[in-house]
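K.L.:
Structure: data_31.cif, mmCIF, C-alpha atoms and all ligand atoms.
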data_model
#
loop_
_atom_site.label_atom_id
_atom_site.label_comp_id
_atom_site.auth_asym_id
_atom_site.auth_seq_id
_atom_site.Cartn_x
_atom_site.Cartn_y
_atom_site.Cartn_z
CA MET A 1 26.61 -14.00 -4.84
CA VAL A 2 26.45 -10.20 -4.99
CA LEU A 3 25.77 -9.49 -1.33
CA GLU A 4 26.00 -11.65 1.75
CA MET A 5 25.30 -10.51 5.30
CA LYS A 6 25.92 -12.94 8.13
CA ASP A 7 24.70 -12.71 11.72
CA LEU A 8 24.84 -8.93 11.87
CA CYS A 9 24.22 -7.30 15.25
CA VAL A 10 23.93 -3.50 15.42
CA ASP A 11 23.68 -1.52 18.66
CA PHE A 12 22.81 2.15 19.11
CA THR A 13 23.90 4.08 22.17
CA GLY A 14 21.41 6.76 23.16
CA MET A 15 20.16 8.76 26.13
CA ARG A 16 18.43 5.67 27.53
CA GLY A 17 21.43 3.39 27.07
CA LYS A 18 22.10 0.72 24.51
CA VAL A 19 19.56 -0.59 22.01
CA ARG A 20 20.12 -3.64 19.86
CA ALA A 21 18.51 -2.62 16.55
CA LEU A 22 19.63 -5.68 14.56
CA ARG A 23 19.98 -9.12 16.06
CA ASN A 24 21.79 -11.78 14.01
CA VAL A 25 20.48 -10.60 10.67
CA SER A 26 21.61 -12.69 7.69
CA LEU A 27 20.68 -12.18 4.07
CA SER A 28 21.99 -12.86 0.60
CA ILE A 29 21.29 -11.47 -2.86
CA GLU A 30 22.22 -13.21 -6.08
CA LYS A 31 23.06 -11.44 -9.34
CA GLY A 32 19.91 -10.06 -10.95
CA GLU A 33 17.75 -10.89 -7.94
CA VAL A 34 15.28 -8.55 -6.24
CA LEU A 35 15.09 -9.09 -2.49
CA GLY A 36 12.29 -7.38 -0.60
CA VAL A 37 12.70 -6.49 3.07
CA VAL A 38 9.38 -6.01 4.78
CA GLY A 39 8.19 -5.30 8.31
CA GLU A 40 6.45 -2.71 10.45
CA SER A 41 8.04 0.59 11.41
CA GLY A 42 11.07 0.07 13.66
CA SER A 43 11.70 -3.52 12.55
CA GLY A 44 15.24 -2.69 11.38
CA LYS A 45 14.78 -2.42 7.62
CA SER A 46 16.60 0.89 7.21
CA VAL A 47 19.34 -0.04 9.68
CA THR A 48 19.98 -3.13 7.53
CA ALA A 49 20.39 -0.94 4.42
CA LEU A 50 22.51 1.69 6.19
CA SER A 51 24.80 -1.04 7.55
CA ILE A 52 25.54 -2.21 4.00
CA LEU A 53 26.13 1.35 2.83
CA GLY A 54 28.39 2.22 5.77
CA LEU A 55 26.02 5.06 6.65
CA LEU A 56 25.16 4.21 10.27
CA GLY A 57 25.69 7.22 12.54
CA SER A 58 28.50 7.57 15.04
CA ASN A 59 26.25 6.29 17.86
CA ALA A 60 25.95 2.92 16.12
CA ASN A 61 28.20 -0.06 16.52
CA ILE A 62 28.30 -3.27 14.51
CA SER A 63 29.19 -5.62 17.33
CA THR A 64 29.32 -8.87 15.39
CA GLY A 65 28.71 -10.18 11.90
CA GLU A 66 30.00 -9.93 8.35
CA ILE A 67 28.98 -8.11 5.19
CA SER A 68 30.53 -9.31 1.97
CA TYR A 69 29.91 -7.46 -1.31
CA LEU A 70 31.19 -9.12 -4.51
CA GLY A 71 33.57 -11.07 -2.29
CA GLN A 72 34.89 -7.99 -0.49
CA ASN A 73 34.51 -7.66 3.28
CA LEU A 74 32.79 -4.26 3.67
CA LEU A 75 33.39 -4.03 7.41
CA THR A 76 37.15 -3.66 6.88
CA LEU A 77 36.83 -0.73 4.44
CA GLY A 78 37.66 2.82 5.53
CA PRO A 79 35.29 5.80 5.05
CA LYS A 80 36.95 6.84 1.74
CA GLU A 81 36.68 3.34 0.27
CA MET A 82 33.05 3.10 1.39
CA GLN A 83 32.30 6.46 -0.19
CA SER A 84 33.73 5.33 -3.51
CA LEU A 85 31.71 2.10 -3.30
CA ARG A 86 28.49 4.04 -2.73
CA GLY A 87 27.22 5.51 -5.93
CA LYS A 88 29.73 3.59 -8.01
CA LYS A 89 29.20 -0.06 -7.11
CA ILE A 90 26.06 0.34 -5.00
CA GLY A 91 23.32 2.73 -6.09
CA MET A 92 20.97 4.28 -3.51
CA VAL A 93 17.40 5.53 -3.75
CA PHE A 94 15.65 6.82 -0.65
CA GLN A 95 12.11 7.90 0.17
CA GLU A 96 12.64 11.61 -0.37
CA PRO A 97 14.30 12.37 -3.72
CA MET A 98 15.25 15.94 -2.79
CA THR A 99 17.81 14.66 -0.26
CA ALA A 100 19.76 13.07 -3.14
CA LEU A 101 19.56 16.05 -5.50
CA HIS A 102 21.55 19.26 -5.53
CA PRO A 103 18.85 21.95 -5.14
CA THR A 104 20.58 24.71 -7.11
CA MET A 105 22.05 22.71 -9.97
CA LYS A 106 20.25 21.89 -13.21
CA VAL A 107 19.30 18.22 -13.53
CA GLY A 108 21.36 17.58 -16.69
CA ASN A 109 24.50 19.08 -15.15
CA GLN A 110 24.07 16.99 -11.96
CA LEU A 111 23.78 13.81 -13.96
CA ALA A 112 26.65 14.76 -16.28
CA GLU A 113 28.90 15.47 -13.30
CA VAL A 114 28.22 12.04 -11.80
CA ILE A 115 28.68 10.32 -15.18
CA LYS A 116 32.00 12.10 -15.68
CA ARG A 117 33.17 10.91 -12.27
CA HIS A 118 32.58 7.27 -13.26
CA ARG A 119 33.64 7.24 -16.90
CA SER A 120 36.46 8.77 -18.90
CA VAL A 121 34.39 11.02 -21.14
CA THR A 122 34.49 14.71 -22.03
CA LYS A 123 32.08 17.20 -20.44
CA ARG A 124 30.11 17.34 -23.66
CA GLN A 125 29.86 13.54 -23.95
CA ALA A 126 28.83 13.30 -20.28
CA TYR A 127 25.97 15.74 -20.90
CA LYS A 128 24.83 13.71 -23.89
CA LEU A 129 24.90 10.54 -21.76
CA ALA A 130 22.94 12.40 -19.06
CA VAL A 131 20.16 13.14 -21.57
CA GLU A 132 20.26 9.47 -22.63
CA ALA A 133 19.99 8.43 -18.96
CA LEU A 134 16.87 10.61 -18.57
CA LYS A 135 15.38 8.90 -21.60
CA GLU A 136 16.10 5.49 -20.11
CA VAL A 137 14.07 6.34 -16.99
CA HIS A 138 11.19 7.32 -19.32
CA ILE A 139 11.35 11.06 -18.94
CA HIS A 140 9.62 12.63 -21.92
CA ASP A 141 11.42 15.53 -23.51
CA PRO A 142 14.72 14.78 -21.70
CA GLU A 143 16.54 17.72 -23.35
CA LEU A 144 14.08 20.13 -21.75
CA VAL A 145 14.04 18.39 -18.34
CA ALA A 146 17.86 18.38 -18.29
CA LYS A 147 17.72 22.20 -18.20
CA LYS A 148 15.39 22.32 -15.19
CA TYR A 149 16.16 22.63 -11.48
CA PRO A 150 14.82 19.86 -9.19
CA PHE A 151 12.28 22.21 -7.57
CA GLU A 152 10.66 22.78 -10.97
CA LEU A 153 9.77 19.07 -11.26
CA SER A 154 7.19 16.77 -9.67
CA GLY A 155 8.07 14.20 -6.95
CA GLY A 156 7.77 11.33 -9.43
CA MET A 157 10.06 13.06 -11.96
CA ARG A 158 12.60 13.77 -9.22
CA GLN A 159 12.59 10.12 -8.14
CA ARG A 160 13.18 9.05 -11.77
CA ILE A 161 16.18 11.39 -11.86
CA VAL A 162 17.51 9.94 -8.59
CA ILE A 163 17.17 6.46 -10.12
CA ALA A 164 19.03 7.64 -13.22
CA LEU A 165 21.78 9.03 -10.94
CA ALA A 166 21.91 5.80 -8.91
CA MET A 167 22.16 3.66 -12.05
CA SER A 168 24.72 5.82 -13.85
CA ALA A 169 27.97 4.09 -12.74
CA PRO A 170 26.40 1.45 -13.34
CA PRO A 171 26.14 -0.35 -9.97
CA ASP A 172 25.87 -4.11 -9.33
CA LEU A 173 23.35 -3.50 -6.55
CA LEU A 174 20.61 -0.93 -6.11
CA ILE A 175 19.38 -0.29 -2.58
CA ALA A 176 15.95 1.33 -2.58
CA ASP A 177 14.54 2.26 0.85
CA GLU A 178 10.80 3.00 0.58
CA PRO A 179 11.37 4.64 -2.84
CA THR A 180 7.68 5.24 -3.52
CA THR A 181 6.23 6.00 -0.08
CA ALA A 182 6.16 9.76 -0.67
CA LEU A 183 4.46 9.50 -4.09
CA ASP A 184 0.91 9.22 -5.45
CA VAL A 185 -0.42 5.71 -6.01
CA THR A 186 -0.28 5.80 -9.83
CA ILE A 187 3.23 7.25 -9.78
CA GLN A 188 4.26 4.59 -7.21
CA LYS A 189 3.37 1.87 -9.70
CA GLU A 190 5.35 3.55 -12.48
CA ILE A 191 8.46 3.93 -10.33
CA LEU A 192 8.32 0.29 -9.19
CA GLN A 193 7.84 -0.76 -12.80
CA LEU A 194 10.91 1.27 -13.72
CA ILE A 195 13.03 -0.38 -11.01
CA LYS A 196 11.88 -3.81 -12.19
CA GLU A 197 12.60 -2.89 -15.82
CA LEU A 198 16.16 -1.73 -15.02
CA ASN A 199 16.68 -4.91 -12.99
CA HIS A 200 15.65 -7.04 -16.00
CA LYS A 201 17.46 -5.01 -18.62
CA ARG A 202 20.74 -4.50 -16.80
CA GLY A 203 20.79 -7.50 -14.45
CA THR A 204 21.25 -5.18 -11.47
CA SER A 205 20.44 -6.82 -8.13
CA VAL A 206 18.01 -4.88 -5.97
CA LEU A 207 17.41 -4.67 -2.22
CA LEU A 208 13.96 -3.13 -1.91
CA ILE A 209 12.78 -1.97 1.49
CA THR A 210 9.06 -1.51 1.95
CA HIS A 211 6.35 -1.86 4.56
CA ASP A 212 3.98 -2.92 1.80
CA LEU A 213 3.47 -6.60 0.93
CA GLY A 214 1.60 -5.55 -2.22
CA VAL A 215 4.83 -3.99 -3.51
CA VAL A 216 6.74 -7.14 -2.55
CA SER A 217 4.30 -9.34 -4.44
CA ASN A 218 4.58 -7.23 -7.59
CA VAL A 219 8.32 -6.69 -7.68
CA CYS A 220 10.40 -9.06 -5.53
CA ASP A 221 11.81 -12.52 -6.31
CA ARG A 222 12.43 -13.25 -2.64
CA VAL A 223 11.25 -11.63 0.56
CA MET A 224 12.69 -11.31 4.04
CA VAL A 225 10.28 -10.46 6.85
CA MET A 226 11.72 -8.55 9.82
CA TYR A 227 10.30 -8.06 13.29
CA ALA A 228 11.93 -6.14 16.16
CA GLY A 229 15.37 -6.24 14.52
CA GLU A 230 15.27 -9.94 13.63
CA VAL A 231 14.53 -11.95 10.50
CA VAL A 232 11.44 -14.06 11.21
CA GLU A 233 10.86 -15.52 7.75
CA GLU A 234 12.64 -15.66 4.41
CA GLY A 235 11.88 -17.34 1.11
CA LYS A 236 10.56 -17.05 -2.44
CA THR A 237 7.94 -14.30 -2.61
CA GLU A 238 5.18 -16.46 -4.04
CA GLU A 239 5.68 -19.22 -1.49
CA VAL A 240 5.93 -16.89 1.50
CA LEU A 241 2.85 -14.88 0.51
CA ASN A 242 0.77 -17.92 -0.47
CA ALA A 243 1.57 -19.98 2.61
CA PRO A 244 3.37 -17.98 5.30
CA SER A 245 5.36 -20.01 7.84
CA HIS A 246 5.50 -17.37 10.55
CA PRO A 247 2.42 -15.97 12.34
CA TYR A 248 3.87 -12.45 11.95
CA THR A 249 3.93 -12.82 8.14
CA GLU A 250 0.37 -14.11 8.38
CA ALA A 251 -0.63 -11.08 10.45
CA LEU A 252 0.98 -8.72 7.91
CA LEU A 253 -0.98 -10.43 5.14
CA HIS A 254 -4.25 -10.15 7.07
CA ALA A 255 -3.56 -6.48 7.66
CA LEU A 256 -3.15 -5.90 3.93
CA PRO A 257 -6.30 -4.35 2.45
CA ASP A 258 -5.93 -5.62 -1.09
CA LEU A 259 -2.92 -7.20 -2.76
CA ALA A 260 -4.11 -5.81 -6.06
CA ASP A 261 -3.85 -2.27 -4.74
CA PRO A 262 -0.31 -1.80 -3.40
CA GLY A 263 -0.81 1.87 -2.62
CA GLU A 264 -3.16 1.30 0.30
CA PRO A 265 -1.64 1.65 3.77
CA LEU A 266 -1.50 -1.35 6.12
CA LYS A 267 -4.16 -1.79 8.77
CA ALA A 268 -2.57 -2.08 12.19
CA ILE A 269 -1.83 -5.49 13.71
CA PRO A 270 -3.29 -5.67 17.24
CA GLY A 271 -0.78 -5.13 20.05
CA GLU A 272 2.49 -3.25 20.05
CA VAL A 273 6.01 -3.82 18.78
CA PRO A 274 8.18 -4.52 21.83
CA ASP A 275 10.49 -1.85 23.17
CA LEU A 276 13.91 -2.90 21.87
CA GLN A 277 15.47 -1.57 25.07
CA ASN A 278 13.52 -4.13 27.06
CA ARG A 279 13.21 -6.93 24.56
CA PRO A 280 11.08 -9.69 26.09
CA ALA A 281 12.53 -13.15 26.62
CA GLY A 282 11.65 -15.71 23.97
CA CYS A 283 10.11 -14.84 20.61
CA ALA A 284 9.72 -11.05 20.22
CA PHE A 285 6.32 -11.56 18.54
CA ALA A 286 4.92 -13.87 21.26
CA SER A 287 2.83 -11.20 23.05
CA ARG A 288 0.94 -10.43 19.79
CA CYS A 289 0.88 -13.98 18.43
CA PRO A 290 -2.50 -15.73 18.40
CA LYS A 291 -0.71 -19.11 18.24
CA ALA A 292 1.83 -18.55 21.02
CA MET A 293 2.76 -21.55 23.20
CA ASP A 294 4.52 -21.61 26.57
CA ILE A 295 7.97 -22.03 25.07
CA CYS A 296 7.51 -18.92 22.90
CA GLY A 297 7.74 -16.66 25.95
CA ILE A 298 10.84 -18.43 27.26
CA SER A 299 13.21 -19.23 24.44
CA VAL A 300 14.09 -17.50 21.16
CA PRO A 301 13.39 -19.72 18.12
CA ALA A 302 16.31 -19.81 15.67
CA LEU A 303 15.80 -19.02 11.98
CA GLU A 304 15.93 -22.49 10.45
CA PRO A 305 14.90 -24.09 7.16
CA VAL A 306 11.26 -25.17 7.13
CA SER A 307 11.36 -26.39 3.53
CA ASN A 308 13.45 -25.94 0.38
CA ASN A 309 14.77 -22.35 0.16
CA ARG A 310 12.51 -21.30 3.00
CA SER A 311 13.35 -20.40 6.59
CA ALA A 312 11.32 -19.29 9.59
CA ALA A 313 12.02 -18.49 13.23
CA CYS A 314 9.00 -20.01 14.94
CA TRP A 315 8.47 -22.75 17.54
CA LEU A 316 5.39 -23.91 15.64
CA ARG A 317 7.74 -25.11 12.89
CA ARG A 318 9.93 -27.14 15.28
CA ASP A 319 9.34 -30.61 16.56
CA ILE A 320 9.57 -29.78 20.28
CA ARG A 321 7.75 -32.77 21.71
N1 LIG A 401 20.09 6.86 14.78
C1 LIG A 401 19.55 6.03 15.66
N2 LIG A 401 19.77 6.19 16.98
C2 LIG A 401 19.26 5.33 17.89
N3 LIG A 401 18.46 4.28 17.57
C3 LIG A 401 18.19 4.08 16.28
C4 LIG A 401 18.71 4.95 15.25
N4 LIG A 401 18.26 4.50 14.06
C5 LIG A 401 17.51 3.41 14.33
N5 LIG A 401 17.47 3.15 15.65
C6 LIG A 401 16.78 2.03 16.31
O1 LIG A 401 16.64 0.99 15.37
C7 LIG A 401 15.27 0.60 15.25
C8 LIG A 401 15.01 0.18 13.82
O2 LIG A 401 15.01 1.33 13.00
P1 LIG A 401 14.83 1.30 11.41
O3 LIG A 401 14.92 2.71 10.96
O4 LIG A 401 15.77 0.33 10.79
O5 LIG A 401 13.36 0.75 11.26
P2 LIG A 401 12.52 0.55 9.92
O6 LIG A 401 12.08 -0.87 9.90
O7 LIG A 401 13.31 1.02 8.75
O8 LIG A 401 11.28 1.48 10.19
P3 LIG A 401 10.54 2.54 9.22
O9 LIG A 401 9.64 1.71 8.35
O10 LIG A 401 9.78 3.40 10.17
O11 LIG A 401 11.60 3.26 8.45
C9 LIG A 401 14.48 1.80 15.74
O12 LIG A 401 13.26 1.46 16.30
C10 LIG A 401 15.40 2.39 16.78
O13 LIG A 401 15.20 1.71 18.02
#
Hey, can you dump this file as structure tokens for me?
Ligand SMILES: Nc1ncnc2c1ncn2[C@@H]1O[C@H](COP(=O)(O)OP(=O)(O)OP(=O)(O)O)[C@@H](O)[C@H]1O
P.N.:
Amino acid sequence: MVLEMKDLCVDFTGMRGKVRALRNVSLSIEKGEVLGVVGESGSGKSVTALSILGLLGSNANISTGEISYLGQNLLTLGPKEMQSLRGKKIGMVFQEPMTALHPTMKVGNQLAEVIKRHRSVTKRQAYKLAVEALKEVHIHDPELVAKKYPFELSGGMRQRIVIALAMSAPPDLLIADEPTTALDVTIQKEILQLIKELNHKRGTSVLLITHDLGVVSNVCDRVMVMYAGEVVEEGKTEEVLNAPSHPYTEALLHALPDLADPGEPLKAIPGEVPDLQNRPAGCAFASRCPKAMDICGISVPALEPVSNNRSAACWLRRDIR
């Protein structure tokens, strides 16, 4: 197992008091596996990623739970140890590539500097490896691109460079949080293809956060569906998308315009995501669920196996008679 998260609860303290952003979130990623995390805005996808990376702000508190990475308990590591883990053992790619790039440093030099940090090579060798790394992420004319500044390149090119940076250590896990949201549809497909290719070629595990089930269907081996800070369904991508066990997954699928066109935005699901500050009793999705029963508004359904390798948190899947 590369990554295992167990029963993680994360609270934020803000002006309006305490908000529980993650409630008993568990997940696991095997070597070479791509896990998709999907859900509407505010469902806790990014907080899940930031918890693993040790990048939650100072107003956040992990109140319970465990995160184990390659057998190491991440929650006992200090800031310095976490910093060395990030970039080296865990690569990161976020929505906006510019946040990960040094604006006034040429691309080749940035990559070479990172490569030199991870490997015992000379400056010259590191630069050569940097050009190789650009080639590996399918940048044409890498020698020329290496001499450019990030602002001279397109968004898609910049994201390829961020991926090259993230993969340079090389890491055992790549965390990609909405890596294609800011890009054109055709470029989105190329970047996802690249992530999948690196996953195959290098055996790197990937945690891919997206709000787009089309992306999940094209890229992910397994998918975890989140709603209001909780996992509501988890299983093999094909099985979950072909026969969802949770009405929320079903609603997400209905809201999807066309699985063949992953660039299209989701249509809204009727109703509103509950305010996490005043989380309703029972299932958080009950007020929007067309199949809700009395018990759904009273008691929270636990995430339990519904079949082989498949779990859902829904009273419809329990024998409650
Ligand atoms: N820095 C913060 N301070 C206070 N609350 C926060 C903070 N970050 C996140 N939250 C809370 O956690 C919830 C989940 O946020 P998160 O960013 O994980 O959602 P998401 O699923 O990634 O959404 P999106 O798709 O919009 O990025 C938010 O709705 C908010 O209530």
K.L.:
Please report as a tab-separated table every residue of chain A lying within 6 Å of ligand LIG 401 (chain A), along with the nearest atom pair and their distance in Å (one decimal), using all atoms listed in the file.
P.N.:
residue	atom	partner	partner_atom	distance
A:Phe12	CA	A:LIG401	C2	4.9
A:Gly14	CA	A:LIG401	C2	5.9
A:Ala21	CA	A:LIG401	O1	4.2
A:Glu40	CA	A:LIG401	O9	5.8
A:Ser41	CA	A:LIG401	O10	3.5
A:Gly42	CA	A:LIG401	O5	3.4
A:Ser43	CA	A:LIG401	O6	3.8
A:Gly44	CA	A:LIG401	O4	3.1
A:Lys45	CA	A:LIG401	O6	3.9
A:Ser46	CA	A:LIG401	O7	3.6
A:Val47	CA	A:LIG401	O4	3.8
K.L.:
Find the residues around A:Pro274 up to 12 Å (only C-alpha atoms counted), leave out those fewer than 3 positions away in its own chain, and share them as a list of chain:residue names.
P.N.:
A:Ala21, A:Glu40, A:Ser41, A:Gly42, A:Ser43, A:Tyr227, A:Ala228, A:Gly229, A:Gly271, A:Gln277, A:Asn278, A:Arg279, A:Pro280, A:Ala281, A:Gly282, A:Cys283, A:Ala284, A:Phe285, A:Ala286, A:Ser287, A:Arg288
K.L.:
Which residues are near stretch 172-188 of chain A? Cut-off 7 Å, all atoms listed in the file, ignore same chain within fewer than 3 positions. Put them as a PDB file with C-alpha atoms, keeping the file's coordinate frame.
P.N.:
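The result, written out as out.pdb:
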ATOM      1  CA  SER A  46      16.600   0.890   7.210  1.00  0.00           C
ATOM      2  CA  LYS A  89      29.200  -0.060  -7.110  1.00  0.00           C
ATOM      3  CA  ILE A  90      26.060   0.340  -5.000  1.00  0.00           C
ATOM      4  CA  GLY A  91      23.320   2.730  -6.090  1.00  0.00           C
ATOM      5  CA  MET A  92      20.970   4.280  -3.510  1.00  0.00           C
ATOM      6  CA  VAL A  93      17.400   5.530  -3.750  1.00  0.00           C
ATOM      7  CA  PHE A  94      15.650   6.820  -0.650  1.00  0.00           C
ATOM      8  CA  GLN A  95      12.110   7.900   0.170  1.00  0.00           C
ATOM      9  CA  GLU A  96      12.640  11.610  -0.370  1.00  0.00           C
ATOM     10  CA  GLY A 155       8.070  14.200  -6.950  1.00  0.00           C
ATOM     11  CA  GLY A 156       7.770  11.330  -9.430  1.00  0.00           C
ATOM     12  CA  ILE A 191       8.460   3.930 -10.330  1.00  0.00           C
ATOM     13  CA  LEU A 192       8.320   0.290  -9.190  1.00  0.00           C
ATOM     14  CA  THR A 204      21.250  -5.180 -11.470  1.00  0.00           C
ATOM     15  CA  SER A 205      20.440  -6.820  -8.130  1.00  0.00           C
ATOM     16  CA  VAL A 206      18.010  -4.880  -5.970  1.00  0.00           C
ATOM     17  CA  LEU A 207      17.410  -4.670  -2.220  1.00  0.00           C
ATOM     18  CA  LEU A 208      13.960  -3.130  -1.910  1.00  0.00           C
ATOM     19  CA  ILE A 209      12.780  -1.970   1.490  1.00  0.00           C
ATOM     20  CA  THR A 210       9.060  -1.510   1.950  1.00  0.00           C
ATOM     21  CA  GLY A 263      -0.810   1.870  -2.620  1.00  0.00           C
TER      22      GLY A 263
END
K.L.:
Using only C-alpha atoms, pick whichever of A:Val240, A:Val107, A:Ile161, A:Ile139 has the shortest atom-to-atom distance to A:Leu213.
P.N.:
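Nearest candidate to A:Leu213 out of A:Val240, A:Val107, A:Ile161, A:Ile139: A:Val240.
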K.L.:
Check the smallest atom-to-atom distance from each of A:Glu66, A:Glu143, A:Glu132, A:Glu250 to A:Leu27 using only C-alpha atoms, then report the winner.
P.N.:
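Closest residue, counting only C-alpha atoms: A:Glu66.
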K.L.:
So which one's closest to A:Glu197, A:Ile163, A:Asp141, A:Gly235, A:Ala100? Using all atoms listed in the file, please.
P.N.:
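Of the candidates, the smallest distance to A:Glu197 is held by A:Ile163.
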K.L.:
Could you state the separation of atom CA of A:Arg202 and atom CA of A:Gly32 in Å, given to one decimal place?
P.N.:
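Separation of atom CA of A:Arg202 and atom CA of A:Gly32: 8.1 Å.
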K.L.:
Rank nothing, just name the residue among A:Ala312, A:Leu144, A:Leu194, A:Leu8 nearest to A:Pro244, using all atoms listed in the file.
P.N.:
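Among the listed residues, the smallest separation from A:Pro244 belongs to A:Ala312.
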K.L.:
When you draw a straight line from atom CA of A:Lys128 to atom CA of A:Met157, how long is it in Å?
P.N.:
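Taking atom CA of A:Lys128 as the start and atom CA of A:Met157 as the end point, the length is 19.0 Å.
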K.L.:
Expressed in Å to a single decimal, how great is the separation between atom CA of A:Val225 and atom CA of A:His246?
P.N.:
9.2 Å
K.L.:
Need to verify the contact set: A:Leu165, 10 Å, all atoms listed in the file, exclusion of same-chain residues closer than 4 positions in sequence. Can you return it as JSON, numbers by chain?
P.N.:
{"A": [87, 91, 92, 93, 100, 101, 107, 110, 111, 112, 113, 114, 115, 130, 133, 134, 159, 160, 161, 169, 170]}
K.L.:
Taking (6.2, -24.2, 23.0) as a centre in this file's frame and 8 Å as the limit, can you find every polymer residue with an atom that close, using only C-alpha atoms, and give them as a tab-separated table (two decimals) with C-alpha atoms, in the coordinates of the input?
P.N.:
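Wrote it out as selection17.tsv, contents follow:
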chain	number	residue	atom	x	y	z
A	292	ALA	CA	1.83	-18.55	21.02
A	293	MET	CA	2.76	-21.55	23.20
A	294	ASP	CA	4.52	-21.61	26.57
A	295	ILE	CA	7.97	-22.03	25.07
A	296	CYS	CA	7.51	-18.92	22.90
A	315	TRP	CA	8.47	-22.75	17.54
A	316	LEU	CA	5.39	-23.91	15.64
A	320	ILE	CA	9.57	-29.78	20.28
K.L.:
Could you give me, as a list of chain:residue names, the residues within 10 Å of A:Ser51, counting only C-alpha atoms and dropping anything in the same chain fewer than 2 positions from it?
P.N.:
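Everything that qualifies: A:Met5, A:Leu8, A:Cys9, A:Val10, A:Leu22, A:Ser46, A:Val47, A:Thr48, A:Ala49, A:Leu53, A:Gly54, A:Leu55, A:Leu56, A:Gly57, A:Ala60, A:Asn61, A:Ile62, A:Ile67, A:Leu74, A:Leu75.
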